[in-house]
Amino acid sequence: MRFDVITLFPELFGPFLQHGINRRAFESRQVDVRLWNPRDYAEGNYRRVDDRPFGGGPGMVMMAEPLWRCLQAIRTDRAEPEGQRAPVVLFSPIGQRLDHAAVAAWSDSQGAVLVCGRYEGIDQRFIDTCVDLQISLGDFVLSGGEIPAMALLDAVARLQPGVLSDQGSHQQDSFNPALDGLLDSPHHTRPEVWEGPQGPMPVPEVLLGGHHGHIARYRREQSLSLTARHRPELLAQAREQGRLSRADELYLRQQGWL
């Protein structure tokens, strides 16, 4: 799959694409990321890409024309048939909230053109005529779309075959259907007893016993408890969709969560 990123700051992506385990996806071009600077498609000696907003107000607005020219260059480079063009995605506060289901869909797609806005925003005329989908990370505002773009690329890359050392790792991620959309359970590693700031803290005994069935049940119960405490709406959704077993229901009642 291929993601073309329109950004005024392509240099921000260098370290992200070159470090960490997900770099395997980028280096192998399983997730082919190409960076495009709209300033290269602006006119004049100063290559201006922004101007003051009509009607007054603070800040500057990214101009439609450089973005449009940049997008046309991407379309030419991708050489896609008219009916099979990759969608244009803008990261903005009014967008759909990015979640695991959306990431899973993107991980099995042809990719997209990701538009990273800056300043006060983008000329609405470009959005109205060129953008197919808007995505948000949450109810807060960032200085630009680069961080959301990296978040999407990171989440998509780790789902590609061979990227994670253990192919089953992402199956145990929070929100994954393999966990029925619940939160992941806590994790522990060596030493068996950590001399922490509050005194000796041992690893839960069940994790040391080697009984796979007991370990699986313990982790499931921890997942249920964490979800009930921190994201009860996910637990309610799992119940509504019939994804909880009788043992799950019994445990939740015993703990007072139901």
# chains A, B, ... in the order shown; residues from 1 in each chain; ligands from 1
>>> closest_atom_pairs(of="stretch 101-122 of chain A", to="stretch 51-65 of chain A", cutoff="8 Å", atoms="only C-alpha atoms", output="tab-separated table")
residue	atom	partner	partner_atom	distance
A:Gly117	CA	A:Met62	CA	7.5
A:Arg118	CA	A:Met62	CA	7.1
A:Tyr119	CA	A:Met60	CA	5.6
A:Glu120	CA	A:Gly59	CA	5.3
A:Gly121	CA	A:Val61	CA	5.2
A:Ile122	CA	A:Met62	CA	4.6
>>> residues_around(residues="A:Ala247", least_positions_apart="3", cutoff="10 Å", atoms="only C-alpha atoms", output="PyMOL selection string")
chain A and resi 217+220-221+244+250-253
>>> residues_around(residues="A:Asp132", least_positions_apart="5", cutoff="9 Å", atoms="only C-alpha atoms", output="mmCIF file with N, CA and C atoms, in the first residue's frame")
data_model
loop_
_atom_site.group_PDB
_atom_site.id
_atom_site.type_symbol
_atom_site.label_atom_id
_atom_site.label_comp_id
_atom_site.auth_asym_id
_atom_site.auth_seq_id
_atom_site.Cartn_x
_atom_site.Cartn_y
_atom_site.Cartn_z
ATOM 1 N N PRO A 87 -8.150 7.608 -1.739
ATOM 2 C CA PRO A 87 -8.875 8.710 -1.095
ATOM 3 C C PRO A 87 -7.927 9.762 -0.535
ATOM 4 N N VAL A 88 -8.426 10.982 -0.468
ATOM 5 C CA VAL A 88 -7.672 12.085 0.130
ATOM 6 C C VAL A 88 -8.191 12.289 1.543
ATOM 7 N N VAL A 89 -7.281 12.214 2.503
ATOM 8 C CA VAL A 89 -7.639 12.289 3.925
ATOM 9 C C VAL A 89 -7.042 13.553 4.527
ATOM 10 N N LEU A 90 -7.868 14.292 5.236
ATOM 11 C CA LEU A 90 -7.420 15.482 5.962
ATOM 12 C C LEU A 90 -7.572 15.239 7.448
ATOM 13 N N ILE A 127 -10.909 21.773 0.618
ATOM 14 C CA ILE A 127 -11.536 20.685 1.374
ATOM 15 C C ILE A 127 -12.806 20.213 0.670
#
>>> residues_around(residues="A:Trp36", least_positions_apart="6", cutoff="10 Å", atoms="only C-alpha atoms", output="MDAnalysis selection string")
chainID A and resid 4:10 67 70:71 73:74 114:115
>>> closest_residue(among="A:Glu249, A:Glu82, A:Asp139, A:Asp123", to="A:Gly95", atoms="only C-alpha atoms")
A:Asp139
>>> select_by_dssp(residues="stretch 35-197 of chain A", states="helix (DSSP H, G or I)", output="count of residues only")
56
>>> closest_residue(among="A:Phe91, A:Asp32, A:Gln241, A:Tyr41", to="A:Leu17", atoms="only C-alpha atoms")
A:Asp32
>>> atom_distance(atom1="atom CA of A:Arg125", atom2="atom CA of A:Arg75")
18.9 Å
>>> select_by_dssp(residues="stretch 5-79 of chain A", states="strand (DSSP E)", output="MDAnalysis selection string")
chainID A and resid 5:6 32:36 50:51 61:62
>>> write_last_selection(atoms="C-alpha atoms", output="short mmCIF file (atom, residue, chain, number, x, y, z; two decimals), in the first residue's frame")
data_model
loop_
_atom_site.label_atom_id
_atom_site.label_comp_id
_atom_site.auth_asym_id
_atom_site.auth_seq_id
_atom_site.Cartn_x
_atom_site.Cartn_y
_atom_site.Cartn_z
CA VAL A 5 1.81 12.70 2.69
CA ILE A 6 1.33 16.37 1.84
CA ASP A 32 5.24 2.86 1.03
CA VAL A 33 5.39 6.43 2.38
CA ARG A 34 6.17 9.31 0.04
CA LEU A 35 6.47 12.91 1.18
CA TRP A 36 5.33 15.94 -0.79
CA ASP A 50 -0.53 30.74 3.10
CA ASP A 51 -2.28 34.09 3.35
CA VAL A 61 -4.78 30.01 6.07
CA MET A 62 -3.16 27.51 3.70
#
>>> atom_distance(atom1="atom CA of A:Arg158", atom2="atom CA of A:Glu146")
18.4 Å
>>> closest_residue(among="A:Ala102, A:Glu11, A:Ser28, A:Ser92", to="A:Ser136", atoms="only C-alpha atoms")
A:Ser92
>>> closest_residue(among="A:Val31, A:Val131, A:Leu137, A:Val203", to="A:Asp108", atoms="only C-alpha atoms")
A:Val31
>>> atom_distance(atom1="atom CA of A:Met1", atom2="atom CA of A:Gln96")
21.7 Å
>>> closest_residue(among="A:Val113, A:Ala86, A:Ala79, A:Leu224", to="A:Ser245", atoms="only C-alpha atoms")
A:Leu224
>>> residues_around(residues="A:Ser109", least_positions_apart="3", cutoff="10 Å", atoms="only C-alpha atoms", output="ChimeraX atom specification")
/A:1-2,86,103-106,112,156
